[in-house]
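What's in data13.pdb: PDB, N, CA and C atoms
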ATOM      1  N   MET A1243       0.842  -1.182   0.000
ATOM      2  CA  MET A1243       0.000   0.000   0.000
ATOM      3  C   MET A1243       0.886   1.244   0.000
ATOM      4  N   ILE A1244       0.473   2.215  -0.765
ATOM      5  CA  ILE A1244       1.238   3.461  -0.873
ATOM      6  C   ILE A1244       0.925   4.341   0.333
ATOM      7  N   PRO A1245       1.965   4.868   1.003
ATOM      8  CA  PRO A1245       1.722   5.768   2.139
ATOM      9  C   PRO A1245       0.901   6.990   1.720
ATOM     10  N   ARG A1246       0.179   7.549   2.663
ATOM     11  CA  ARG A1246      -0.753   8.640   2.389
ATOM     12  C   ARG A1246      -0.087   9.819   1.688
ATOM     13  N   GLY A1247       1.074  10.257   2.136
ATOM     14  CA  GLY A1247       1.754  11.390   1.512
ATOM     15  C   GLY A1247       2.134  11.119   0.073
ATOM     16  N   GLU A1248       2.488   9.884  -0.211
ATOM     17  CA  GLU A1248       2.862   9.520  -1.575
ATOM     18  C   GLU A1248       1.649   9.400  -2.486
ATOM     19  N   ARG A1249       0.484   9.148  -1.911
ATOM     20  CA  ARG A1249      -0.728   9.055  -2.737
ATOM     21  C   ARG A1249      -1.034  10.378  -3.415
ATOM     22  N   ALA A1250      -0.806  11.474  -2.704
ATOM     23  CA  ALA A1250      -1.045  12.798  -3.300
ATOM     24  C   ALA A1250      -0.088  13.035  -4.462
ATOM     25  N   VAL A1251       1.163  12.655  -4.277
ATOM     26  CA  VAL A1251       2.147  12.822  -5.352
ATOM     27  C   VAL A1251       1.777  11.919  -6.526
ATOM     28  N   LEU A1252       1.389  10.681  -6.245
ATOM     29  CA  LEU A1252       0.995   9.764  -7.309
ATOM     30  C   LEU A1252      -0.206  10.312  -8.085
ATOM     31  N   ALA A1253      -1.193  10.832  -7.377
ATOM     32  CA  ALA A1253      -2.370  11.397  -8.049
ATOM     33  C   ALA A1253      -1.965  12.563  -8.949
ATOM     34  N   LEU A1254      -1.053  13.398  -8.483
ATOM     35  CA  LEU A1254      -0.596  14.532  -9.291
ATOM     36  C   LEU A1254       0.231  14.074 -10.489
ATOM     37  N   VAL A1255       1.056  13.055 -10.304
ATOM     38  CA  VAL A1255       1.829  12.516 -11.427
ATOM     39  C   VAL A1255       0.876  11.948 -12.473
ATOM     40  N   LEU A1256      -0.119  11.176 -12.038
ATOM     41  CA  LEU A1256      -1.078  10.598 -12.979
ATOM     42  C   LEU A1256      -1.904  11.679 -13.674
ATOM     43  N   ALA A1257      -2.280  12.732 -12.937
ATOM     44  CA  ALA A1257      -3.010  13.843 -13.554
ATOM     45  C   ALA A1257      -2.153  14.530 -14.612
ATOM     46  N   ASN A1258      -0.866  14.690 -14.319
ATOM     47  CA  ASN A1258       0.036  15.316 -15.284
ATOM     48  C   ASN A1258       0.248  14.418 -16.507
ATOM     49  N   ILE A1259       0.315  13.120 -16.309
ATOM     50  CA  ILE A1259       0.425  12.202 -17.453
ATOM     51  C   ILE A1259      -0.830  12.313 -18.315
ATOM     52  N   LEU A1260      -1.985  12.348 -17.677
ATOM     53  CA  LEU A1260      -3.235  12.507 -18.417
ATOM     54  C   LEU A1260      -3.230  13.820 -19.207
ATOM     55  N   LEU A1261      -2.757  14.894 -18.600
ATOM     56  CA  LEU A1261      -2.670  16.178 -19.309
ATOM     57  C   LEU A1261      -1.720  16.093 -20.503
ATOM     58  N   GLN A1262      -0.637  15.342 -20.377
ATOM     59  CA  GLN A1262       0.280  15.165 -21.505
ATOM     60  C   GLN A1262      -0.417  14.422 -22.651
ATOM     61  N   VAL A1263      -1.172  13.396 -22.314
ATOM     62  CA  VAL A1263      -1.891  12.642 -23.341
ATOM     63  C   VAL A1263      -2.949  13.530 -24.000
ATOM     64  N   ILE A1264      -3.704  14.267 -23.189
ATOM     65  CA  ILE A1264      -4.715  15.181 -23.733
ATOM     66  C   ILE A1264      -4.063  16.210 -24.637
ATOM     67  N   ASP A1265      -2.939  16.771 -24.215
ATOM     68  CA  ASP A1265      -2.239  17.763 -25.031
ATOM     69  C   ASP A1265      -1.794  17.161 -26.359
ATOM     70  N   GLY A1266      -1.246  15.963 -26.325
ATOM     71  CA  GLY A1266      -0.801  15.326 -27.561
ATOM     72  C   GLY A1266      -1.948  15.045 -28.513
ATOM     73  N   VAL A1267      -3.038  14.507 -28.003
ATOM     74  CA  VAL A1267      -4.198  14.201 -28.841
ATOM     75  C   VAL A1267      -4.818  15.488 -29.375
ATOM     76  N   ALA A1268      -4.960  16.495 -28.512
ATOM     77  CA  ALA A1268      -5.554  17.766 -28.948
ATOM     78  C   ALA A1268      -4.669  18.465 -29.973
ATOM     79  N   THR A1269      -3.361  18.415 -29.773
ATOM     80  CA  THR A1269      -2.452  19.023 -30.746
ATOM     81  C   THR A1269      -2.578  18.334 -32.095
ATOM     82  N   PHE A1270      -2.585  17.014 -32.082
ATOM     83  CA  PHE A1270      -2.710  16.270 -33.339
ATOM     84  C   PHE A1270      -4.043  16.574 -34.017
ATOM     85  N   ALA A1271      -5.129  16.600 -33.243
ATOM     86  CA  ALA A1271      -6.446  16.927 -33.804
ATOM     87  C   ALA A1271      -6.464  18.358 -34.331
ATOM     88  N   GLY A1272      -5.834  19.270 -33.597
ATOM     89  CA  GLY A1272      -5.782  20.656 -34.039
ATOM     90  C   GLY A1272      -5.011  20.822 -35.333
ATOM     91  N   LEU A1273      -3.912  20.116 -35.465
ATOM     92  CA  LEU A1273      -3.138  20.172 -36.710
ATOM     93  C   LEU A1273      -3.959  19.637 -37.876
ATOM     94  N   ARG A1274      -4.678  18.546 -37.646
ATOM     95  CA  ARG A1274      -5.514  17.963 -38.708
ATOM     96  C   ARG A1274      -6.674  18.882 -39.084
ATOM     97  N   ALA A1275      -7.094  19.737 -38.124
ATOM     98  CA  ALA A1275      -8.191  20.668 -38.384
ATOM     99  C   ALA A1275      -7.693  21.971 -39.015
ATOM    100  N   GLY A1276      -6.374  22.088 -39.195
ATOM    101  CA  GLY A1276      -5.830  23.267 -39.855
ATOM    102  C   GLY A1276      -5.181  24.292 -38.950
ATOM    103  N   PHE A1277      -5.104  24.022 -37.661
ATOM    104  CA  PHE A1277      -4.437  24.940 -36.746
ATOM    105  C   PHE A1277      -2.926  24.727 -36.814
ATOM    106  N   THR A1278      -2.178  25.709 -36.343
ATOM    107  CA  THR A1278      -0.728  25.576 -36.300
ATOM    108  C   THR A1278      -0.261  25.458 -34.855
ATOM    109  N   GLU A1279       0.896  24.886 -34.675
ATOM    110  CA  GLU A1279       1.491  24.726 -33.351
ATOM    111  C   GLU A1279       2.118  26.045 -32.925
ATOM    112  N   GLY A1280       1.858  26.462 -31.689
ATOM    113  CA  GLY A1280       2.395  27.709 -31.174
ATOM    114  C   GLY A1280       3.810  27.596 -30.628
ATOM    115  N   ASN A1281       4.265  26.401 -30.322
ATOM    116  CA  ASN A1281       5.608  26.194 -29.782
ATOM    117  C   ASN A1281       6.581  26.068 -30.950
ATOM    118  N   PRO A1282       7.504  27.028 -31.106
ATOM    119  CA  PRO A1282       8.403  26.978 -32.257
ATOM    120  C   PRO A1282       9.322  25.749 -32.269
ATOM    121  N   LEU A1283       9.739  25.281 -31.123
ATOM    122  CA  LEU A1283      10.591  24.086 -31.076
ATOM    123  C   LEU A1283       9.816  22.860 -31.556
ATOM    124  N   LEU A1284       8.590  22.740 -31.115
ATOM    125  CA  LEU A1284       7.766  21.620 -31.567
ATOM    126  C   LEU A1284       7.428  21.769 -33.045
ATOM    127  N   GLY A1285       7.180  23.002 -33.490
ATOM    128  CA  GLY A1285       6.938  23.242 -34.913
ATOM    129  C   GLY A1285       8.122  22.814 -35.765
ATOM    130  N   TRP A1286       9.329  23.113 -35.297
ATOM    131  CA  TRP A1286      10.539  22.685 -36.006
ATOM    132  C   TRP A1286      10.612  21.158 -36.045
ATOM    133  N   ALA A1287      10.304  20.517 -34.914
ATOM    134  CA  ALA A1287      10.344  19.054 -34.860
ATOM    135  C   ALA A1287       9.302  18.444 -35.803
ATOM    136  N   PHE A1288       8.154  19.091 -35.940
ATOM    137  CA  PHE A1288       7.138  18.606 -36.888
ATOM    138  C   PHE A1288       7.713  18.592 -38.296
ATOM    139  N   ALA A1289       8.417  19.666 -38.649
ATOM    140  CA  ALA A1289       8.986  19.765 -39.998
ATOM    141  C   ALA A1289      10.073  18.713 -40.217
ATOM    142  N   GLN A1290      10.800  18.361 -39.169
ATOM    143  CA  GLN A1290      11.892  17.402 -39.297
ATOM    144  C   GLN A1290      11.420  15.953 -39.265
ATOM    145  N   LEU A1291      10.466  15.654 -38.372
ATOM    146  CA  LEU A1291      10.080  14.263 -38.107
ATOM    147  C   LEU A1291       8.661  13.907 -38.525
ATOM    148  N   GLY A1292       7.832  14.906 -38.699
ATOM    149  CA  GLY A1292       6.401  14.678 -38.893
ATOM    150  C   GLY A1292       5.692  14.891 -37.567
ATOM    151  N   ALA A1293       4.410  15.207 -37.637
ATOM    152  CA  ALA A1293       3.659  15.551 -36.423
ATOM    153  C   ALA A1293       3.569  14.384 -35.440
ATOM    154  N   GLY A1294       3.205  13.211 -35.918
ATOM    155  CA  GLY A1294       3.038  12.067 -35.021
ATOM    156  C   GLY A1294       4.301  11.692 -34.269
ATOM    157  N   PRO A1295       5.400  11.440 -34.987
ATOM    158  CA  PRO A1295       6.633  11.071 -34.284
ATOM    159  C   PRO A1295       7.152  12.179 -33.356
ATOM    160  N   ALA A1296       7.045  13.430 -33.797
ATOM    161  CA  ALA A1296       7.528  14.537 -32.957
ATOM    162  C   ALA A1296       6.700  14.640 -31.678
ATOM    163  N   LEU A1297       5.393  14.558 -31.803
ATOM    164  CA  LEU A1297       4.543  14.604 -30.608
ATOM    165  C   LEU A1297       4.848  13.442 -29.680
ATOM    166  N   PHE A1298       5.019  12.262 -30.245
ATOM    167  CA  PHE A1298       5.327  11.091 -29.426
ATOM    168  C   PHE A1298       6.620  11.307 -28.638
ATOM    169  N   LEU A1299       7.656  11.776 -29.303
ATOM    170  CA  LEU A1299       8.946  11.986 -28.628
ATOM    171  C   LEU A1299       8.860  13.071 -27.565
ATOM    172  N   PHE A1300       8.175  14.176 -27.866
ATOM    173  CA  PHE A1300       8.061  15.263 -26.890
ATOM    174  C   PHE A1300       7.241  14.828 -25.682
ATOM    175  N   LYS A1301       6.180  14.087 -25.908
ATOM    176  CA  LYS A1301       5.354  13.626 -24.789
ATOM    177  C   LYS A1301       6.083  12.549 -23.992
ATOM    178  N   LEU A1302       6.841  11.709 -24.668
ATOM    179  CA  LEU A1302       7.649  10.712 -23.970
ATOM    180  C   LEU A1302       8.666  11.391 -23.057
ATOM    181  N   GLU A1303       9.285  12.455 -23.549
ATOM    182  CA  GLU A1303      10.241  13.213 -22.724
ATOM    183  C   GLU A1303       9.543  13.825 -21.519
ATOM    184  N   ALA A1304       8.364  14.395 -21.721
ATOM    185  CA  ALA A1304       7.627  15.018 -20.620
ATOM    186  C   ALA A1304       7.224  13.975 -19.571
ATOM    187  N   ILE A1305       6.784  12.820 -20.029
ATOM    188  CA  ILE A1305       6.409  11.763 -19.089
ATOM    189  C   ILE A1305       7.650  11.220 -18.379
ATOM    190  N   GLY A1306       8.775  11.188 -19.073
ATOM    191  CA  GLY A1306      10.037  10.812 -18.423
ATOM    192  C   GLY A1306      10.410  11.787 -17.321
ATOM    193  N   ALA A1307      10.175  13.074 -17.559
ATOM    194  CA  ALA A1307      10.448  14.082 -16.525
ATOM    195  C   ALA A1307       9.521  13.871 -15.320
ATOM    196  N   LEU A1308       8.283  13.485 -15.591
ATOM    197  CA  LEU A1308       7.364  13.185 -14.485
ATOM    198  C   LEU A1308       7.835  11.968 -13.687
ATOM    199  N   ALA A1309       8.448  11.008 -14.368
ATOM    200  CA  ALA A1309       9.005   9.847 -13.662
ATOM    201  C   ALA A1309      10.139  10.278 -12.735
ATOM    202  N   VAL A1310      10.914  11.254 -13.166
ATOM    203  CA  VAL A1310      11.992  11.780 -12.300
ATOM    204  C   VAL A1310      11.395  12.442 -11.064
ATOM    205  N   VAL A1311      10.318  13.219 -11.265
ATOM    206  CA  VAL A1311       9.668  13.852 -10.116
ATOM    207  C   VAL A1311       9.116  12.779  -9.175
ATOM    208  N   TRP A1312       8.574  11.705  -9.732
ATOM    209  CA  TRP A1312       8.092  10.618  -8.876
ATOM    210  C   TRP A1312       9.226  10.044  -8.045
ATOM    211  N   ARG A1313      10.391   9.865  -8.661
ATOM    212  CA  ARG A1313      11.550   9.342  -7.912
ATOM    213  C   ARG A1313      11.972  10.307  -6.804
ATOM    214  N   LEU A1314      11.719  11.594  -7.016
ATOM    215  CA  LEU A1314      12.063  12.624  -6.022
ATOM    216  C   LEU A1314      10.852  13.020  -5.179
ATOM    217  N   ARG A1315       9.888  12.121  -5.064
ATOM    218  CA  ARG A1315       8.606  12.438  -4.437
ATOM    219  C   ARG A1315       8.702  12.874  -2.979
ATOM    220  N   THR A1316       9.777  12.547  -2.298
ATOM    221  CA  THR A1316       9.917  12.965  -0.899
ATOM    222  C   THR A1316      10.437  14.392  -0.772
ATOM    223  N   SER A1317      10.823  14.976  -1.883
ATOM    224  CA  SER A1317      11.281  16.365  -1.856
ATOM    225  C   SER A1317      10.105  17.286  -1.532
ATOM    226  N   PRO A1318      10.353  18.332  -0.749
ATOM    227  CA  PRO A1318       9.274  19.278  -0.462
ATOM    228  C   PRO A1318       8.828  20.058  -1.706
ATOM    229  N   LEU A1319       9.590  19.969  -2.782
ATOM    230  CA  LEU A1319       9.233  20.675  -4.014
ATOM    231  C   LEU A1319       8.417  19.816  -4.982
ATOM    232  N   ALA A1320       8.261  18.536  -4.706
ATOM    233  CA  ALA A1320       7.570  17.643  -5.643
ATOM    234  C   ALA A1320       6.125  18.065  -5.856
ATOM    235  N   ILE A1321       5.367  18.238  -4.793
ATOM    236  CA  ILE A1321       3.951  18.594  -4.943
ATOM    237  C   ILE A1321       3.789  19.972  -5.578
ATOM    238  N   PRO A1322       4.508  21.012  -5.111
ATOM    239  CA  PRO A1322       4.353  22.310  -5.789
ATOM    240  C   PRO A1322       4.727  22.261  -7.271
ATOM    241  N   ALA A1323       5.752  21.507  -7.628
ATOM    242  CA  ALA A1323       6.157  21.404  -9.038
ATOM    243  C   ALA A1323       5.067  20.734  -9.869
ATOM    244  N   LEU A1324       4.471  19.686  -9.340
ATOM    245  CA  LEU A1324       3.429  18.974 -10.068
ATOM    246  C   LEU A1324       2.155  19.801 -10.193
ATOM    247  N   VAL A1325       1.811  20.534  -9.142
ATOM    248  CA  VAL A1325       0.639  21.419  -9.199
ATOM    249  C   VAL A1325       0.871  22.518 -10.226
ATOM    250  N   PHE A1326       2.067  23.106 -10.205
ATOM    251  CA  PHE A1326       2.410  24.171 -11.152
ATOM    252  C   PHE A1326       2.367  23.639 -12.590
ATOM    253  N   SER A1327       2.925  22.482 -12.814
ATOM    254  CA  SER A1327       2.926  21.881 -14.141
ATOM    255  C   SER A1327       1.502  21.618 -14.627
ATOM    256  N   ALA A1328       0.668  21.064 -13.770
ATOM    257  CA  ALA A1328      -0.721  20.784 -14.150
ATOM    258  C   ALA A1328      -1.467  22.084 -14.454
ATOM    259  N   ALA A1329      -1.236  23.104 -13.659
ATOM    260  CA  ALA A1329      -1.902  24.388 -13.899
ATOM    261  C   ALA A1329      -1.468  24.989 -15.232
ATOM    262  N   LEU A1330      -0.177  24.922 -15.525
ATOM    263  CA  LEU A1330       0.314  25.458 -16.798
ATOM    264  C   LEU A1330      -0.267  24.699 -17.985
ATOM    265  N   TYR A1331      -0.264  23.381 -17.931
ATOM    266  CA  TYR A1331      -0.793  22.599 -19.047
ATOM    267  C   TYR A1331      -2.292  22.792 -19.215
ATOM    268  N   THR A1332      -2.992  22.985 -18.112
ATOM    269  CA  THR A1332      -4.426  23.249 -18.215
ATOM    270  C   THR A1332      -4.673  24.619 -18.832
ATOM    271  N   ALA A1333      -3.971  25.636 -18.331
ATOM    272  CA  ALA A1333      -4.207  27.016 -18.787
ATOM    273  C   ALA A1333      -3.692  27.284 -20.194
ATOM    274  N   PHE A1334      -2.551  26.713 -20.540
ATOM    275  CA  PHE A1334      -1.918  27.069 -21.809
ATOM    276  C   PHE A1334      -1.970  25.981 -22.878
ATOM    277  N   SER A1335      -2.619  24.872 -22.573
ATOM    278  CA  SER A1335      -2.743  23.825 -23.573
ATOM    279  C   SER A1335      -4.164  23.275 -23.638
ATOM    280  N   ALA A1336      -4.618  22.646 -22.560
ATOM    281  CA  ALA A1336      -5.918  21.981 -22.592
ATOM    282  C   ALA A1336      -7.058  22.961 -22.883
ATOM    283  N   LEU A1337      -7.098  24.067 -22.171
ATOM    284  CA  LEU A1337      -8.180  25.028 -22.392
ATOM    285  C   LEU A1337      -8.115  25.700 -23.763
ATOM    286  N   PRO A1338      -6.940  26.192 -24.199
ATOM    287  CA  PRO A1338      -6.896  26.788 -25.543
ATOM    288  C   PRO A1338      -7.246  25.797 -26.656
ATOM    289  N   TRP A1339      -6.742  24.571 -26.560
ATOM    290  CA  TRP A1339      -7.071  23.590 -27.582
ATOM    291  C   TRP A1339      -8.556  23.251 -27.542
ATOM    292  N   ALA A1340      -9.135  23.150 -26.368
ATOM    293  CA  ALA A1340     -10.568  22.865 -26.263
ATOM    294  C   ALA A1340     -11.382  23.977 -26.922
ATOM    295  N   ALA A1341     -11.002  25.225 -26.674
ATOM    296  CA  ALA A1341     -11.717  26.354 -27.287
ATOM    297  C   ALA A1341     -11.537  26.346 -28.800
ATOM    298  N   ALA A1342     -10.317  26.113 -29.255
ATOM    299  CA  ALA A1342     -10.048  26.117 -30.693
ATOM    300  C   ALA A1342     -10.782  24.986 -31.392
ATOM    301  N   LEU A1343     -10.726  23.796 -30.813
ATOM    302  CA  LEU A1343     -11.371  22.655 -31.465
ATOM    303  C   LEU A1343     -12.900  22.752 -31.384
ATOM    304  N   ALA A1344     -13.415  23.409 -30.348
ATOM    305  CA  ALA A1344     -14.866  23.594 -30.252
ATOM    306  C   ALA A1344     -15.379  24.537 -31.332
ATOM    307  N   SER A1345     -14.487  25.400 -31.828
ATOM    308  CA  SER A1345     -14.908  26.361 -32.850
ATOM    309  C   SER A1345     -14.926  25.766 -34.256
ATOM    310  N   VAL A1346     -14.373  24.567 -34.405
ATOM    311  CA  VAL A1346     -14.314  23.927 -35.718
ATOM    312  C   VAL A1346     -15.690  23.387 -36.087
ATOM    313  N   GLN A1347     -16.117  23.683 -37.293
ATOM    314  CA  GLN A1347     -17.405  23.192 -37.785
ATOM    315  C   GLN A1347     -17.161  21.906 -38.574
ATOM    316  N   TYR A1348     -17.573  20.792 -38.002
ATOM    317  CA  TYR A1348     -17.436  19.508 -38.690
ATOM    318  C   TYR A1348     -18.694  19.253 -39.513
ATOM    319  N   MET A1349     -18.498  18.697 -40.691
ATOM    320  CA  MET A1349     -19.650  18.392 -41.553
ATOM    321  C   MET A1349     -20.055  16.952 -41.411
TER     322      MET A1349
END
Please re-express this file's structure in structure tokens.
Amino acid sequence: MIPRGERAVLALVLANILLQVIDGVATFAGLRAGFTEGNPLLGWAFAQLGAGPALFLFKLEAIGALAVVWRLRTSPLAIPALVFSAALYTAFSALPWAAALASVQYM
């Protein structure tokens, strides 16, 4: 059984992984709907590797970073870092993509 303090960190890590998956799927859907990527580094990677492989690699790296935070879960900075990361991905990725994709008229 996971100790109580670690459960909060685990929940935040899993929430951040879910946000990474949502961001990847929404980005791919947005590109297919005609939107462009706002991150210039990711845009460059799209041109070099293609959207699918570039998104996969970037999301794999992000999830790898979350695994590092999990390994450092006893640090007093683990929970604030995970909360901050989730807030940023929600505010600057999930919500904007949701608004953009909601505006698309599908036939």
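Between atom N of A:Leu1297 and atom C of A:Arg1315 there is a distance of 29.1 Å.
Nearest residue to A:Tyr1331 among A:Ala1271, A:Ala1309, A:Ile1264, A:Leu1343 is A:Ile1264, counting only C-alpha atoms.
Among the candidate residues A:Met1243, A:Ile1259, A:Ala1268, A:Ala1342, the one lying nearest to A:Ala1304 is A:Ile1259, with distances computed using all atoms listed in the file.
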(request) Quote the spacing between atom CA of A:Val1255 and atom CA of A:Leu1273 in Å to one decimal place. (result) 26.9 Å
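Atom pair atom N of A:Ala1333 / atom CA of A:Ala1320: separated by 18.9 Å.
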Could you give me the centre and size, in Å to one decimal, of an axis-aligned box around all listed atoms of stretch 1330-1335 of chain A with 6 Å added on every side, as lines of an AutoDock Vina configuration file?
center_x = -2.2
center_y = 24.9
center_z = -19.6
size_x = 17.0
size_y = 16.7
size_z = 20.1
(message) Tell me which residues come within 12 Å of (1.7, 11.7, -2.9), as a PyMOL selection string, counting only C-alpha atoms in the file's coordinates.
(response) chain A and resi 1244-1257+1311-1322+1324-1325
(request) Can you check which residues of stretch 1264-1347 of chain A DSSP gives as alpha helix (DSSP H) on the backbone and send them as a PyMOL selection string? (result) chain A and resi 1264-1274+1282-1291+1293-1313+1320-1331+1337-1344
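The smallest atom-to-atom distance between A:Gly1280 and any of A:Pro1338, A:Val1310, A:Ala1323, A:Val1346, using only C-alpha atoms, is found for A:Pro1338.
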Expected residue set, 12 Å radius at (-9.8, 15.4, -36.9), only C-alpha atoms, as a compact mmCIF listing (two decimals) with N, CA and C atoms, in the coordinates of the input:
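Dumped everything to out15.txt:
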# COMPACT_ATOMS: atom_id res chain seq x y z
N VAL A 1267 -3.04 14.51 -28.00
CA VAL A 1267 -4.20 14.20 -28.84
C VAL A 1267 -4.82 15.49 -29.38
N ALA A 1268 -4.96 16.50 -28.51
CA ALA A 1268 -5.55 17.77 -28.95
C ALA A 1268 -4.67 18.46 -29.97
N THR A 1269 -3.36 18.42 -29.77
CA THR A 1269 -2.45 19.02 -30.75
C THR A 1269 -2.58 18.33 -32.10
N PHE A 1270 -2.58 17.01 -32.08
CA PHE A 1270 -2.71 16.27 -33.34
C PHE A 1270 -4.04 16.57 -34.02
N ALA A 1271 -5.13 16.60 -33.24
CA ALA A 1271 -6.45 16.93 -33.80
C ALA A 1271 -6.46 18.36 -34.33
N GLY A 1272 -5.83 19.27 -33.60
CA GLY A 1272 -5.78 20.66 -34.04
C GLY A 1272 -5.01 20.82 -35.33
N LEU A 1273 -3.91 20.12 -35.47
CA LEU A 1273 -3.14 20.17 -36.71
C LEU A 1273 -3.96 19.64 -37.88
N ARG A 1274 -4.68 18.55 -37.65
CA ARG A 1274 -5.51 17.96 -38.71
C ARG A 1274 -6.67 18.88 -39.08
N ALA A 1275 -7.09 19.74 -38.12
CA ALA A 1275 -8.19 20.67 -38.38
C ALA A 1275 -7.69 21.97 -39.02
N GLY A 1276 -6.37 22.09 -39.20
CA GLY A 1276 -5.83 23.27 -39.85
C GLY A 1276 -5.18 24.29 -38.95
N PHE A 1277 -5.10 24.02 -37.66
CA PHE A 1277 -4.44 24.94 -36.75
C PHE A 1277 -2.93 24.73 -36.81
N LEU A 1343 -10.73 23.80 -30.81
CA LEU A 1343 -11.37 22.66 -31.46
C LEU A 1343 -12.90 22.75 -31.38
N ALA A 1344 -13.42 23.41 -30.35
CA ALA A 1344 -14.87 23.59 -30.25
C ALA A 1344 -15.38 24.54 -31.33
N VAL A 1346 -14.37 24.57 -34.40
CA VAL A 1346 -14.31 23.93 -35.72
C VAL A 1346 -15.69 23.39 -36.09
N GLN A 1347 -16.12 23.68 -37.29
CA GLN A 1347 -17.40 23.19 -37.78
C GLN A 1347 -17.16 21.91 -38.57
N TYR A 1348 -17.57 20.79 -38.00
CA TYR A 1348 -17.44 19.51 -38.69
C TYR A 1348 -18.69 19.25 -39.51
N MET A 1349 -18.50 18.70 -40.69
CA MET A 1349 -19.65 18.39 -41.55
C MET A 1349 -20.06 16.95 -41.41
